[in-house]
Amino acid sequence: MPRRVSIGMATIFIVCILWFCATTLFGLIPSGRFPSPAETWSALIHVSGRGYGGGDLTLHVYNSLRLVVMGFLFAIATGVPLGLLMGWNRKAEAIINPIFLIIRPIPPLAWIPLAILWLGLGDAAKIMVIWFSAFVPSVINTFAGVRNIDRPVIEAAYMLGMPKTRFVGEVLIPGASPMIFTGLRLSLQASWTTLVAAELVGAFYGIGRVLNVAQQDLYPGMILVGMIAVAILGWGTTRLLGVAESRALRWNTAALAAKG
Amino acid sequence: MQKQISLLQSIGLGFLGLGCFIGLWHGLAVSGMVSNIFLPSPVEVYDRFTTLLDRRFAGATLQGHLAASFMRFAYGFILAALIGIPLGLLMGWYQLLDEIVSPLFDALRFVAPIAWVPFAALWFGTGIGGPIMIIFAGAFPPCVINAYRGAKFVDPRLIEAANMLGTPSHRVIREVLLPSSVPSIISGLRVSAGLGWQSLVGAELIVASAGVGYMMVQGQANVSTTTVMAGMVAIGLVGLALDSALRLAERVIQRRRGLEN
């Protein structure tokens, strides 16, 4: 949609011009409240060169990214199998669901104080909270994905006497995979939110740490740099997941196209 | 899928699961294998919960903190709905507006709501304004997205029929477009309430001088695990109540529309 793209770019451009006008040209917004483009740029130079809040930008980005990836992978590795089990086995669902029902209403961010009490301010506490926040969406969506598999497919597999291991690998997981990926996308979003919150509450490195120190220093340029970094990282990881999804589900769209 | 199991069996197994969970927790806590500060037993958490109900901690009783949190939540949530829903509907109806706002909206969507905390504190302080802005940042996107979907995916035959019958455009909006987007808007509000409540907790952990999140931070600072856990229970209960209320509204509206499945 070229019209859509050109209008979008024009909008972003105009907003940048307005930003420049309101801060630098006319001084409508005092620089103590919101940084001008020049101040933001100098904050970026500051953090990537001399460093800020305990390290330079690459160190902070690396630390945040590492924690998100670890918590996220850990959550997938535990959540997806549990979702498959609950979707497949009615008894497992009946046993586990009530526990889920009482834990789920507690927002992941509310686990932060407990995680700090248990594991301190280091990486372990953050991985625990990220794991927690990413775990729930991956379980729920995997579960729903299994329940949405066409019955005839399952019955055909049964009728043909498919062994259990092949059934899991060739019917259960592929059948649930579109919903599994929906869950993973939600999990990834939750991971970033939780990481930023956890780092704002207390951390030694990371983007949240930069935001926290910048808030205490009343340094708006650095706050904006931190927010942009969070947005770019969130966007980039979501894109990567999207690429993985379209790779993994390629057979599926092909199947759909073949069906007409 | 395995065969269905009977309701009785499923309730029995449910209690078994819950019993094991709480039993394991209690057993671990009482046995002394893990220190009491680390993992208090469910009974101690319950005791602490009832104590907090009538004794002040961090400046207020538990009800006091909950009331402070809930008031902020209500302001932020209502503000998000009041701005987000009309914006979403307008974006659904007028293509140009959609094309102008969407790129900005998409760019902002990737900023986690909690990342607004420093600016919120800078602009509105840490009392009531800052947290309200964070709740707004959390609750706003689902309001916009669902109102937009509701308005965008109205059955075109309804609009065509209305146009053919010569209905003036303000009446098309009021009598065709608006009613058919209501179910989607209500689902959006439910998602928003969940995200808003969660953002509020985050905001109170970082900047606030009252509220349940603040109480939990004080509990953490005093190494009072029971207080932290009691706070988690309270937050969970309020979140559950909010979700159930909006679920009920969703169902009532769907039933009235005959959309129930």
# chains A, B, ... in the order shown; residues from 1 in each chain; ligands from 1
$ interface_residues --of "chain A" --to "chain B" --cutoff "6 Å" --atoms "only C-alpha atoms" --output "list of chain:residue names"
A:Arg4, A:Gly8, A:Thr11, A:Trp88, A:Ala94, A:Ile95, A:Pro98, A:Ile99, A:Pro105, A:Ile106, A:Pro107, A:Leu109, A:Pro113, A:Thr193, A:Ala197, A:Val201, A:Gln215, A:Ala231, A:Gly234
$ residues_around --residues "Ala151 (chain B)" --least-positions-apart "2" --cutoff "9 Å" --atoms "only C-alpha atoms" --output "count of residues only"
18
$ residues_around --residues "Pro131 (chain B)" --least-positions-apart "2" --cutoff "7 Å" --atoms "only C-alpha atoms" --output "short mmCIF file (atom, residue, chain, number, x, y, z; two decimals) with C-alpha atoms, in the first residue's frame"
data_model
loop_
_atom_site.label_atom_id
_atom_site.label_comp_id
_atom_site.auth_asym_id
_atom_site.auth_seq_id
_atom_site.Cartn_x
_atom_site.Cartn_y
_atom_site.Cartn_z
CA ARG B 72 -5.75 5.94 40.55
CA THR B 126 4.84 10.76 42.02
CA ILE B 128 -1.40 10.74 41.84
CA GLY B 129 -0.67 12.18 38.39
CA MET B 133 -0.29 8.42 33.36
CA ILE B 134 1.30 4.94 33.57
CA ILE B 135 -2.12 3.29 33.86
CA LEU B 200 -0.55 0.41 38.19
CA ALA B 203 4.10 2.17 38.81
CA GLU B 204 3.47 1.85 42.54
#
$ closest_residue --among "A:Val47, A:Leu188, A:Leu160, A:Ile102" --to "Val210 (chain A)" --atoms "only C-alpha atoms"
A:Val47
